[in-house]
Structure formats: C-alpha cells, structure tokens
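Reproduced below: my_file_23.csv, with CSV, C-alpha atoms.
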```csv
chain,number,residue,atom,x,y,z
Y,1,MET,CA,0.0,0.0,0.0
Y,2,ALA,CA,1.4,3.4,-1.0
Y,3,VAL,CA,1.2,5.7,2.0
Y,4,SER,CA,2.7,9.2,2.5
Y,5,ALA,CA,5.5,9.4,5.0
Y,6,ILE,CA,4.9,11.0,8.4
Y,7,ASP,CA,5.5,14.7,8.2
Y,8,HIS,CA,7.9,15.2,11.1
Y,9,GLY,CA,7.8,19.0,10.8
Y,10,LEU,CA,4.0,19.0,11.0
Y,11,VAL,CA,3.9,16.7,14.0
Y,12,LEU,CA,6.5,18.9,15.9
Y,13,ASP,CA,4.7,22.1,15.0
Y,14,VAL,CA,1.3,20.7,16.1
Y,15,LEU,CA,2.9,19.5,19.4
Y,16,LYS,CA,4.4,22.9,20.2
Y,17,ASN,CA,1.1,24.6,19.4
Y,18,LEU,CA,-0.9,22.2,21.5
Y,19,VAL,CA,1.4,22.7,24.5
Y,20,ALA,CA,1.4,26.5,24.0
Y,21,THR,CA,-2.4,26.5,24.3
Y,22,ASN,CA,-3.7,26.6,27.8
Y,23,SER,CA,-6.3,23.8,28.2
Y,24,VAL,CA,-6.3,23.3,31.9
Y,25,ASN,CA,-9.5,21.6,33.1
Y,26,PRO,CA,-11.7,24.2,34.8
Y,27,ASP,CA,-12.8,21.7,37.5
Y,28,VAL,CA,-9.3,20.5,38.2
Y,29,GLY,CA,-6.9,23.5,37.9
Y,30,LYS,CA,-9.4,26.4,37.5
Y,31,GLY,CA,-8.2,26.8,33.9
Y,32,PRO,CA,-10.0,28.1,30.8
Y,33,GLY,CA,-10.9,24.6,29.5
Y,34,GLU,CA,-10.4,23.1,26.1
Y,35,SER,CA,-12.2,25.6,23.9
Y,36,ALA,CA,-9.1,27.2,22.4
Y,37,LEU,CA,-7.5,23.8,21.9
Y,38,SER,CA,-10.5,22.3,20.2
Y,39,ASP,CA,-10.6,25.3,17.8
Y,40,LEU,CA,-6.9,24.7,17.0
Y,41,LEU,CA,-7.4,21.0,16.4
Y,42,TYR,CA,-10.5,21.6,14.3
Y,43,ASP,CA,-8.7,24.0,12.1
Y,44,ARG,CA,-5.6,21.8,11.7
Y,45,LEU,CA,-7.6,18.7,10.9
Y,46,SER,CA,-9.9,20.6,8.5
Y,47,SER,CA,-6.9,21.6,6.5
Y,48,ILE,CA,-6.2,17.9,5.7
Y,49,PRO,CA,-7.9,16.7,2.6
Y,50,SER,CA,-10.3,13.7,2.8
Y,51,LEU,CA,-11.1,14.2,6.5
Y,52,ASP,CA,-14.6,14.9,7.7
Y,53,VAL,CA,-14.2,17.1,10.7
Y,54,VAL,CA,-16.9,18.1,13.2
Y,55,LYS,CA,-17.2,19.4,16.7
Y,56,GLN,CA,-19.5,17.7,19.2
Y,57,SER,CA,-20.8,20.0,21.9
Y,58,VAL,CA,-20.4,18.6,25.4
Y,59,VAL,CA,-21.2,21.3,27.9
Y,60,GLY,CA,-21.0,25.1,27.6
Y,61,ASN,CA,-18.2,26.1,25.2
Y,62,ARG,CA,-16.4,22.7,25.6
Y,63,SER,CA,-16.5,20.5,22.6
Y,64,ASN,CA,-15.0,17.2,21.4
Y,65,VAL,CA,-13.4,17.2,18.0
Y,66,ILE,CA,-13.9,14.2,15.6
Y,67,ALA,CA,-12.2,13.7,12.3
Y,68,ILE,CA,-13.2,10.7,10.1
Y,69,LEU,CA,-11.2,9.2,7.3
Y,70,ARG,CA,-13.9,7.3,5.4
Y,71,GLY,CA,-13.1,3.9,4.1
Y,72,THR,CA,-14.3,2.4,0.9
Y,73,GLY,CA,-16.4,-0.2,2.8
Y,74,GLY,CA,-16.1,-3.7,4.1
Y,75,GLY,CA,-13.2,-3.1,6.4
Y,76,ARG,CA,-12.9,-2.8,10.2
Y,77,SER,CA,-13.2,0.6,11.7
Y,78,LEU,CA,-10.6,2.0,14.1
Y,79,LEU,CA,-11.0,4.8,16.7
Y,80,LEU,CA,-8.0,6.7,18.0
Y,81,ASN,CA,-8.6,8.8,21.1
Y,82,GLY,CA,-6.9,11.5,23.1
Y,83,HIS,CA,-8.0,14.0,25.7
Y,84,MET,CA,-7.4,17.7,25.3
Y,85,ASP,CA,-7.6,18.8,28.9
Y,86,THR,CA,-4.7,19.0,31.4
Y,87,VAL,CA,-4.3,19.4,35.1
Y,88,GLY,CA,-3.3,22.7,36.6
Y,89,VAL,CA,0.1,24.4,36.6
Y,90,GLU,CA,0.6,25.3,40.3
Y,91,GLY,CA,4.1,24.5,41.5
Y,92,MET,CA,5.6,24.1,38.0
Y,93,THR,CA,9.3,24.9,37.7
Y,94,ILE,CA,9.0,25.8,34.0
Y,95,ASP,CA,6.7,28.2,32.1
Y,96,PRO,CA,3.9,25.7,31.4
Y,97,PHE,CA,2.8,27.2,28.1
Y,98,LYS,CA,6.2,28.1,26.5
Y,99,PRO,CA,7.3,24.8,25.0
Y,100,PHE,CA,11.0,24.3,24.5
Y,101,ILE,CA,13.2,21.4,23.4
Y,102,GLU,CA,16.3,20.4,25.3
Y,103,ASP,CA,18.3,17.1,24.9
Y,104,GLY,CA,15.5,15.7,22.7
Y,105,LEU,CA,12.7,16.4,25.2
Y,106,LEU,CA,9.9,18.8,24.6
Y,107,HIS,CA,8.8,20.5,27.9
Y,108,GLY,CA,5.5,22.0,28.9
Y,109,ARG,CA,2.2,21.2,30.6
Y,110,GLY,CA,0.4,18.4,28.8
Y,111,ALA,CA,3.4,17.4,26.7
Y,112,CYS,CA,3.3,13.9,28.2
Y,113,ASP,CA,-0.3,13.7,29.3
Y,114,MET,CA,-1.3,13.7,26.5
Y,115,LYS,CA,-0.6,16.2,23.8
Y,116,GLY,CA,2.3,14.1,22.5
Y,117,GLY,CA,-0.1,11.4,21.7
Y,118,ILE,CA,-2.6,13.8,20.1
Y,119,ALA,CA,0.2,15.3,17.9
Y,120,ALA,CA,1.2,11.9,16.8
Y,121,MET,CA,-2.4,11.1,15.8
Y,122,VAL,CA,-2.7,14.2,13.8
Y,123,GLY,CA,0.5,13.2,11.9
Y,124,ALA,CA,-0.9,9.8,11.3
Y,125,ALA,CA,-4.2,11.3,10.0
Y,126,LYS,CA,-2.3,13.4,7.5
Y,127,ALA,CA,-0.2,10.5,6.2
Y,128,LEU,CA,-3.3,8.3,5.9
Y,129,ALA,CA,-5.4,11.0,4.2
Y,130,GLU,CA,-2.7,11.7,1.7
Y,131,SER,CA,-2.2,8.1,0.8
Y,132,ARG,CA,-2.9,7.0,-2.8
Y,133,SER,CA,-4.5,3.8,-1.5
Y,134,ARG,CA,-7.7,4.1,0.5
Y,135,LEU,CA,-8.5,1.8,3.4
Y,136,ARG,CA,-11.7,-0.2,3.5
Y,137,GLY,CA,-12.6,0.6,7.0
Y,138,ASP,CA,-13.1,4.1,8.6
Y,139,VAL,CA,-10.4,5.6,10.8
Y,140,ILE,CA,-12.0,7.9,13.4
Y,141,PHE,CA,-9.8,10.4,15.3
Y,142,THR,CA,-11.4,11.6,18.5
Y,143,PHE,CA,-10.2,14.3,20.8
Y,144,VAL,CA,-12.3,14.8,24.0
Y,145,VAL,CA,-12.8,17.1,26.9
Y,146,ASP,CA,-12.7,16.5,30.7
Y,147,GLU,CA,-10.7,13.3,31.1
Y,148,GLU,CA,-8.9,14.8,34.1
Y,149,HIS,CA,-12.2,15.2,36.0
Y,150,LEU,CA,-15.4,13.3,35.2
Y,151,SER,CA,-14.8,12.2,31.6
Y,152,ILE,CA,-18.0,13.8,30.3
Y,153,GLY,CA,-16.4,14.2,26.9
Y,154,ILE,CA,-15.8,10.5,26.3
Y,155,GLU,CA,-19.2,9.6,27.6
Y,156,LYS,CA,-20.8,12.0,25.2
Y,157,LEU,CA,-18.6,10.6,22.4
Y,158,VAL,CA,-19.8,7.0,22.8
Y,159,GLU,CA,-23.4,8.1,22.6
Y,160,LYS,CA,-22.9,8.7,18.9
Y,161,TYR,CA,-19.6,7.1,17.7
Y,162,SER,CA,-18.4,3.5,17.7
Y,163,ALA,CA,-15.8,1.4,16.0
Y,164,ASP,CA,-14.6,-2.2,15.8
Y,165,SER,CA,-11.6,-1.4,18.1
Y,166,ALA,CA,-10.0,1.6,19.7
Y,167,ILE,CA,-6.6,2.9,20.8
Y,168,VAL,CA,-6.2,5.5,23.5
Y,169,GLY,CA,-2.9,7.4,23.2
Y,170,GLU,CA,-2.1,7.9,26.9
Y,171,PRO,CA,1.6,7.7,27.9
Y,172,THR,CA,2.8,4.0,28.0
Y,173,GLU,CA,6.5,4.5,27.2
Y,174,MET,CA,5.7,3.1,23.8
Y,175,ARG,CA,4.4,-0.2,25.1
Y,176,ILE,CA,1.0,-1.7,24.5
Y,177,ALA,CA,-1.3,-1.9,27.6
Y,178,THR,CA,-4.4,-4.0,27.6
Y,179,ALA,CA,-5.4,-3.4,31.2
Y,180,HIS,CA,-5.6,-0.7,33.8
Y,181,LYS,CA,-7.1,-0.2,37.2
Y,182,GLY,CA,-10.4,1.5,37.9
Y,183,PHE,CA,-11.2,3.6,41.0
Y,184,VAL,CA,-14.0,4.3,43.4
Y,185,TRP,CA,-14.2,7.5,45.4
Y,186,ILE,CA,-15.7,6.8,48.8
Y,187,GLU,CA,-16.9,9.3,51.4
Y,188,VAL,CA,-17.6,8.3,55.0
Y,189,GLU,CA,-19.4,10.8,57.2
Y,190,PHE,CA,-19.1,10.4,60.9
Y,191,LYS,CA,-21.6,12.1,63.2
Y,192,GLY,CA,-20.8,12.8,66.8
Y,193,LYS,CA,-22.0,15.1,69.5
Y,194,ALA,CA,-20.7,18.6,70.2
Y,195,ALA,CA,-19.7,19.5,73.8
Y,196,HIS,CA,-17.5,22.1,75.5
Y,197,GLY,CA,-13.8,21.2,75.4
Y,198,SER,CA,-13.5,21.3,79.2
Y,199,VAL,CA,-16.0,18.4,79.5
Y,200,PRO,CA,-15.1,16.2,76.5
Y,201,GLU,CA,-16.9,13.2,78.2
Y,202,GLN,CA,-20.2,15.0,77.5
Y,203,GLY,CA,-19.6,14.8,73.7
Y,204,ILE,CA,-18.8,12.2,71.0
Y,205,ASP,CA,-15.7,13.0,69.0
Y,206,ALA,CA,-16.4,12.3,65.3
Y,207,ILE,CA,-12.8,13.0,64.3
Y,208,SER,CA,-11.4,10.3,66.7
Y,209,HIS,CA,-13.9,7.8,65.2
Y,210,ALA,CA,-12.7,8.6,61.7
Y,211,ALA,CA,-9.1,8.1,62.9
Y,212,ARG,CA,-10.0,4.6,64.0
Y,213,LEU,CA,-11.2,3.8,60.4
Y,214,VAL,CA,-8.0,5.2,59.0
Y,215,ASP,CA,-6.0,2.9,61.2
Y,216,ARG,CA,-8.0,-0.1,60.1
Y,217,LEU,CA,-7.4,0.7,56.4
Y,218,ARG,CA,-3.8,-0.6,56.8
Y,219,GLU,CA,-5.3,-4.0,57.7
Y,220,LEU,CA,-7.7,-3.8,54.8
Y,221,GLN,CA,-4.8,-3.2,52.4
Y,222,LEU,CA,-3.0,-6.2,53.7
Y,223,SER,CA,-6.0,-8.3,53.1
Y,224,LEU,CA,-6.1,-7.0,49.5
Y,225,ASN,CA,-2.5,-7.7,48.7
Y,226,PRO,CA,-2.9,-11.5,47.9
Y,227,HIS,CA,-5.5,-10.8,45.3
Y,228,ALA,CA,-3.1,-9.4,42.6
Y,229,HIS,CA,-3.9,-9.2,38.9
Y,230,ARG,CA,-1.3,-10.6,36.6
Y,231,LEU,CA,-0.7,-7.3,34.9
Y,232,LEU,CA,-1.8,-4.8,37.5
Y,233,GLY,CA,-0.8,-6.1,40.9
Y,234,PRO,CA,-3.1,-5.9,43.9
Y,235,PRO,CA,-6.0,-3.5,44.5
Y,236,LYS,CA,-5.0,-0.3,46.5
Y,237,ILE,CA,-6.8,1.9,49.0
Y,238,HIS,CA,-5.6,5.3,50.4
Y,239,THR,CA,-7.0,8.2,52.3
Y,240,SER,CA,-7.5,11.4,50.3
Y,241,THR,CA,-9.0,14.2,52.4
Y,242,ILE,CA,-10.4,14.7,55.9
Y,243,GLU,CA,-12.4,17.6,57.3
Y,244,GLY,CA,-14.2,18.1,60.6
Y,245,GLY,CA,-14.6,20.2,63.7
Y,246,THR,CA,-15.6,23.8,64.2
Y,247,ASN,CA,-13.5,25.3,67.0
Y,248,TRP,CA,-10.6,24.8,69.3
Y,249,SER,CA,-12.8,24.3,72.4
Y,250,ILE,CA,-15.6,22.3,70.9
Y,251,ILE,CA,-15.7,18.5,70.6
Y,252,PRO,CA,-16.3,17.8,66.8
Y,253,ASN,CA,-19.7,16.6,66.0
Y,254,ARG,CA,-19.0,15.8,62.4
Y,255,CYS,CA,-16.1,14.5,60.3
Y,256,VAL,CA,-15.9,13.6,56.6
Y,257,LEU,CA,-13.2,11.2,55.5
Y,258,ARG,CA,-12.7,10.7,51.7
Y,259,MET,CA,-10.7,7.8,50.3
Y,260,GLU,CA,-9.9,6.3,46.9
Y,261,ARG,CA,-9.9,2.6,46.2
Y,262,ARG,CA,-8.1,1.4,43.0
Y,263,THR,CA,-9.9,-1.6,41.6
Y,264,ILE,CA,-8.7,-4.5,39.4
Y,265,PRO,CA,-10.7,-6.3,36.7
Y,266,GLY,CA,-13.5,-8.4,38.3
Y,267,GLU,CA,-14.1,-6.0,41.2
Y,268,SER,CA,-17.2,-3.9,41.4
Y,269,GLY,CA,-18.0,-0.6,43.2
Y,270,GLU,CA,-20.5,-2.5,45.3
Y,271,LYS,CA,-17.8,-4.9,46.5
Y,272,VAL,CA,-15.6,-2.0,47.5
Y,273,VAL,CA,-18.3,-0.3,49.5
Y,274,LYS,CA,-19.1,-3.5,51.3
Y,275,GLU,CA,-15.4,-3.8,52.3
Y,276,VAL,CA,-15.4,-0.4,54.0
Y,277,GLN,CA,-18.8,-1.0,55.5
Y,278,GLY,CA,-17.5,-4.3,56.9
Y,279,VAL,CA,-14.7,-2.5,58.7
Y,280,LEU,CA,-17.1,0.1,60.1
Y,281,ASP,CA,-19.5,-2.6,61.3
Y,282,ALA,CA,-16.6,-4.2,63.2
Y,283,LEU,CA,-15.7,-0.9,64.8
Y,284,LYS,CA,-19.3,-0.3,65.8
Y,285,LYS,CA,-19.4,-3.6,67.6
Y,286,GLN,CA,-16.5,-2.2,69.7
Y,287,ASP,CA,-18.1,1.2,70.2
Y,288,ALA,CA,-21.8,1.7,69.9
Y,289,ASN,CA,-21.3,5.5,69.7
Y,290,ILE,CA,-19.8,5.3,66.2
Y,291,ASN,CA,-22.3,6.7,63.7
Y,292,ALA,CA,-21.0,6.6,60.1
Y,293,THR,CA,-22.5,6.6,56.6
Y,294,VAL,CA,-20.7,5.4,53.5
Y,295,ARG,CA,-21.3,7.0,50.2
Y,296,THR,CA,-20.0,6.3,46.7
Y,297,ILE,CA,-19.1,9.6,45.0
Y,298,LEU,CA,-17.7,8.3,41.7
Y,299,ASN,CA,-17.1,4.8,40.4
Y,300,ARG,CA,-15.0,4.2,37.3
Y,301,PRO,CA,-14.5,0.6,36.1
Y,302,PRO,CA,-11.1,-1.0,35.2
Y,303,LEU,CA,-10.1,-2.0,31.7
Y,304,GLU,CA,-9.1,-5.5,30.5
Y,305,THR,CA,-8.9,-6.4,26.9
Y,306,VAL,CA,-8.3,-10.1,26.1
Y,307,SER,CA,-5.2,-11.0,24.1
Y,308,THR,CA,-7.3,-12.7,21.4
Y,309,GLU,CA,-8.8,-9.4,20.2
Y,310,PRO,CA,-7.5,-8.6,16.7
Y,311,ILE,CA,-6.5,-5.1,17.8
Y,312,VAL,CA,-4.1,-6.5,20.3
Y,313,ASN,CA,-2.4,-8.7,17.8
Y,314,THR,CA,-2.3,-5.8,15.3
Y,315,VAL,CA,-0.6,-3.4,17.7
Y,316,GLN,CA,1.9,-6.1,18.8
Y,317,GLN,CA,2.8,-6.8,15.1
Y,318,VAL,CA,3.2,-3.1,14.1
Y,319,LEU,CA,5.0,-2.1,17.3
Y,320,GLY,CA,7.3,-5.2,17.0
Y,321,GLU,CA,8.2,-4.3,13.4
Y,322,SER,CA,8.9,-0.7,14.5
Y,323,ALA,CA,11.0,-1.7,17.5
Y,324,GLY,CA,12.6,-4.8,16.0
Y,325,THR,CA,11.7,-7.0,19.0
Y,326,ASN,CA,8.9,-9.2,20.3
Y,327,VAL,CA,6.3,-7.1,22.1
Y,328,SER,CA,4.5,-8.3,25.2
Y,329,VAL,CA,1.4,-6.6,26.7
Y,330,VAL,CA,1.6,-4.7,30.0
Y,331,GLY,CA,-0.8,-3.1,32.5
Y,332,VAL,CA,-0.8,0.5,33.6
Y,333,PRO,CA,-1.7,1.7,37.2
Y,334,TYR,CA,-3.6,4.8,36.1
Y,335,TRP,CA,-7.2,5.2,34.8
Y,336,THR,CA,-8.0,6.2,31.2
Y,337,ASP,CA,-11.0,7.0,29.1
Y,338,GLY,CA,-10.3,3.6,27.5
Y,339,ALA,CA,-12.5,2.1,30.2
Y,340,VAL,CA,-15.5,4.1,29.0
Y,341,LEU,CA,-14.8,3.1,25.4
Y,342,ALA,CA,-14.7,-0.6,26.5
Y,343,ASN,CA,-17.5,-0.7,29.0
Y,344,MET,CA,-20.0,1.9,27.9
Y,345,GLY,CA,-19.1,1.8,24.2
Y,346,ARG,CA,-18.4,-1.9,24.0
Y,347,ILE,CA,-15.3,-1.3,21.9
Y,348,PRO,CA,-12.2,-3.5,22.5
Y,349,THR,CA,-9.5,-1.0,23.5
Y,350,CYS,CA,-5.8,-0.8,23.9
Y,351,ILE,CA,-3.6,1.9,25.4
Y,352,PHE,CA,-0.5,3.0,23.5
Y,353,GLY,CA,1.3,6.3,23.4
Y,354,PRO,CA,4.5,8.3,23.8
Y,355,GLY,CA,5.5,9.6,27.3
Y,356,ASP,CA,6.3,8.3,30.8
Y,357,ILE,CA,3.4,8.6,33.3
Y,358,ARG,CA,6.0,9.4,36.0
Y,359,VAL,CA,6.5,12.9,34.5
Y,360,ALA,CA,2.8,13.5,33.8
Y,361,HIS,CA,1.4,16.3,36.0
Y,362,SER,CA,4.9,17.0,37.3
Y,363,PRO,CA,6.6,20.4,37.9
Y,364,ASP,CA,8.7,19.8,34.7
Y,365,GLU,CA,6.5,17.8,32.3
Y,366,TYR,CA,8.1,16.6,29.1
Y,367,VAL,CA,7.9,14.0,26.3
Y,368,LYS,CA,10.6,12.5,24.0
Y,369,VAL,CA,10.3,14.1,20.6
Y,370,ASP,CA,11.5,10.9,18.9
Y,371,ASP,CA,8.8,8.8,20.7
Y,372,VAL,CA,6.1,11.2,19.4
Y,373,LEU,CA,7.4,10.8,15.9
Y,374,GLN,CA,7.6,7.1,16.2
Y,375,ALA,CA,4.1,6.9,17.7
Y,376,ALA,CA,2.8,8.7,14.6
Y,377,GLN,CA,4.3,6.0,12.5
Y,378,VAL,CA,2.9,3.3,14.6
Y,379,TYR,CA,-0.6,4.7,14.6
Y,380,ARG,CA,-0.4,5.0,10.9
Y,381,GLY,CA,0.8,1.4,10.6
Y,382,ILE,CA,-1.9,0.1,12.9
Y,383,ALA,CA,-4.6,1.8,10.8
Y,384,GLN,CA,-3.1,0.4,7.6
Y,385,ARG,CA,-3.2,-3.1,8.8
Y,386,PHE,CA,-6.4,-3.2,10.9
Y,387,SER,CA,-8.6,-1.3,8.5
Y,388,ALA,CA,-7.2,-2.4,5.2
```

For the file at hand, write its structure as structure tokens.
Amino acid sequence: MAVSAIDHGLVLDVLKNLVATNSVNPDVGKGPGESALSDLLYDRLSSIPSLDVVKQSVVGNRSNVIAILRGTGGGRSLLLNGHMDTVGVEGMTIDPFKPFIEDGLLHGRGACDMKGGIAAMVGAAKALAESRSRLRGDVIFTFVVDEEHLSIGIEKLVEKYSADSAIVGEPTEMRIATAHKGFVWIEVEFKGKAAHGSVPEQGIDAISHAARLVDRLRELQLSLNPHAHRLLGPPKIHTSTIEGGTNWSIIPNRCVLRMERRTIPGESGEKVVKEVQGVLDALKKQDANINATVRTILNRPPLETVSTEPIVNTVQQVLGESAGTNVSVVGVPYWTDGAVLANMGRIPTCIFGPGDIRVAHSPDEYVKVDDVLQAAQVYRGIAQRFSA
C-alpha cells in the first residue's frame, strides 16, 4: 500500500502549538478549559484533505473534535482517542505554556499527558489521508474534553460514535497496555455530639472515630495484597482528604473522610463499599457511639482487553516491526477513558502512546520528541493493517 511518510515538521509544529495552548481543566486547575485547543485541532484537521471534521458540543463552550477518514467499505473501523484537557500548573518549575526542546525532550504542561499522543495522531491522520491507496474501514480520530475530571467528553462521544476497536494514546512508554485499574471515590461521614472542650466526656468525638477507620485501612490493604492481577498487581486503597470540627474548644460533632480505592478487573463498586462498611461494622461492635454513613461519589471501572482481540495482535505486530523486537502486553496503574470506550461503548480497547506517566502532572513535564514521531508512524501502521 502506498502511504505518505509522516510529516515530522508538522507533528512537531502541532505538538508545540498544543502545549502552548492553555487547556487546563476548569474543574481541576481552574483553567479556561479546552475551547481554544478544540478550535486549534478543528482548524488543523480541517486543512487535511479527505477528513470529515466536526465538533461535538459537550457542555458550555467545551466540545469534542472528531475527524473521520472514510473507508471504501467492508473493512474494520478503528477509533483513535486522546483527551485535550490537562491538570493545573501550580508548582511548575518551567513556564507551562512556552514549550522548549532540550536534549530531545519537549517540555511544557500536557506534553506527556497527552498532547504528545494527540500530535502523533494528527501526523498519522495526514499521512493516511494523503495516501494514494484508501482503506476499506473508517479511521476515526477523536479528541475529547474532561478526562482529568469526570470524563463527560468520552461519555458524550460514545453516545454517537463507535468502532470495531480503539486505541487511547495515553503515555505508556511506547508499550501496548491491555489493562488498567479502575477507581472508586468513597466518602464516609461520621456524626458525633458537640460539647465544651472542658468536658469532653459529654460529647462524642467524630474525628477520633474517623481516625479509627484510617487505622483499620492498613489491615484492609494487607487483606487485598494477595488478590493481585497478573498485569496490574493488587488493589489499592488510600485516604484522600479529611475535614471536621468547628473550633478549638468544641468536641467535633462531624467529620468527613474521603478515600480512593483502586480496583482491578473483576471488582465492582458495590464490593468495594461492602469492604469499607464491613470495617465500620466491626468498629461499631467495639463502640456503639460510632455513627457513620458510607457513600460512593464516583465509580470508574477498570479495563481489561483479552489478548485474542484482533486489535491486540495488530498493535503487537506493528510495534514489534517498528522496534525490531517481540512485544508483550503490559498493564498500567492509572485510569483512562479507555475504560469508558470498552465498558459503555463496547469497543475492544488498547492503550498506547509516547511519554512516561511518572513525569505527567509533574513540575517539569516533558515528552521525548523521537517517541512522538515514532508513535505517529505506529498509529499509521496500525490503521493500515487493521482497517485495510
């Protein structure tokens, strides 16, 4: 198949412009959101012949951008996905929106998570669109809002768009991931009884009751450790925030403890809540004054795509040819919109992209330029083979 080469200059230019555009999520870092970035991507993609480009309104002025390279018919469709929003910039040691290259690394907020992956997809889209040989299946490039908060962008996307398989371009250090953990946000509200600090025995200390639950979470984690997933390791639980009390001299009558439980495939949100409730029930047997209510704030499922899915084999083949080695699948510890594609959209999904998650959200975020360029080549090769 005759296919245009990846335009390295275009990919690098797109990456710089993406990073230079502030798309901090308004609900995470009090930023302006993705509006300017969605305009930029819409304009860039619209300039590529053969792409059908649309915006999909999500909420307010925040819109997903979708670009479809139509196939001739009879082939498998492939959806490539990235999120446009970033976390905030507080504490960064570099200017977050003035990208610069040093020692082969491009620095700036979002370079790793995940504007490097988006730039690579734009490069792949151009090469595929300019090819003299059309694919049979559609290739759908989707760039969504709000992954860093509630993922309302990807949820809106799957209401209208689907495909035979999908790839999410989150940073995987150029490895193929077929599994990642989910998470459940749990809130436990303790109710006590206020009293004057000089007579604490007249009150019920809600904060001390919360502390007893925190202490028991260590035992809960130990009970989870033997139940490790082959790619993801054991489930995890940690405290997140705590608030309570009103004054120095008042016994606190209320305390709210928030925690996050990272789940592995096969676990449900209901199971997780029952675990925490079980710990509380045991504490209540020791102290009848403990009054606590458990609530689920957000539940996001894990991802696990079986190795027999054609997309897994395709990515392994193309990545192996690019790297010159055999490629095995891995799991990643973080959550991605891939779980929504797989669970709500019923689309077999893999995760593959440039960047190292250890520098995502960091004071000096960066991505390897060579990895971004190689990712563009790999995305193009996957589409060629999967949708031919």

Legend entry - Straight-line distance linking CA of Ile152 (chain Y) with CA of Ile167 (chain Y), stated in Å to one decimal: 18.4 Å

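Considering the residues Y:Leu280, Y:Ile6, Y:Ala211, Y:Leu341 and counting all atoms listed in the file, Leu157 (chain Y) has its shortest atom-to-atom contact with Y:Leu341.
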
Inset, instruction - Pick out the residues sitting within 7 Å of region 304-320 of chain Y, and hand them over as an MDAnalysis selection string; count only C-alpha atoms, and ignore anything fewer than 6 positions along from it in its own chain. - result: chainID Y and resid 165 178:180 265 326:327 348:350 378 381:382 386

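Between Lys271 (chain Y) and the candidates Y:Thr296, Y:Thr336, Y:Ser38, Y:Ser63, the tightest atom-to-atom separation, counting all atoms listed in the file, involves Y:Thr296.
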
Inset, instruction - Mind checking which residues fall within 10 Å of Asp370 (chain Y), counting only C-alpha atoms, ignoring those fewer than 4 positions away in the same chain, and posting them as a list in words? - result: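 The filter keeps His8, Leu12, Gly104, Leu105, Leu106, Pro354, Gln374, Ala375 and Ala376 of chain Y.
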
Inset, instruction - Go ahead and find all residues with at least one atom no further than 12 Å from (6.2, 28.6, 27.0) in the file's coordinates, using all atoms listed in the file; report them as a VMD selection string. - result: chain Y and resid 16 to 22 92 to 101 106 to 111 364

Legend entry - Atom-to-atom span, CA of Asp13 (chain Y) and CA of Gly123 (chain Y), Å: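 CA of Gly123 (chain Y) lies 10.3 Å from CA of Asp13 (chain Y).
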
Legend entry - Shortest interatomic distance to Leu79 (chain Y) - which of Y:Phe141, Y:Trp335, Y:Tyr379, Y:Trp185, counting all atoms listed in the file: Y:Phe141

Legend entry - Between CA of Leu41 (chain Y) and CA of Val122 (chain Y), distance in Å (one decimal):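 Calculated distance between CA of Leu41 (chain Y) and CA of Val122 (chain Y) is 8.7 Å.
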
Inset, instruction - Have a look at Y:Ala67, Y:Val87, Y:Ile118, Y:Val272 and name the one nearest to Asp43 (chain Y); count all atoms listed in the file. - result: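 Of Y:Ala67, Y:Val87, Y:Ile118, Y:Val272, the one nearest Asp43 (chain Y) is Y:Ala67, counting all atoms listed in the file.
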
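Close contacts of Val273 (chain Y), defined as residues with an atom at most 9 Å away when counting all atoms listed in the file, with chain neighbours fewer than 3 positions off set aside, comprise Val184, Ile186, Ser268, Gly269, Glu270, Val276, Gln277, Gly278, Val294, Arg295 and Thr296 of chain Y.
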
Inset, instruction - Please write as a ChimeraX atom specification the list of polymer residues whose atoms come within 10 Å of (-16.9, -0.6, 15.5), counting all atoms listed in the file and keeping to the coordinates of the file. - result: /Y:76-79,137-138,161-166,345-348
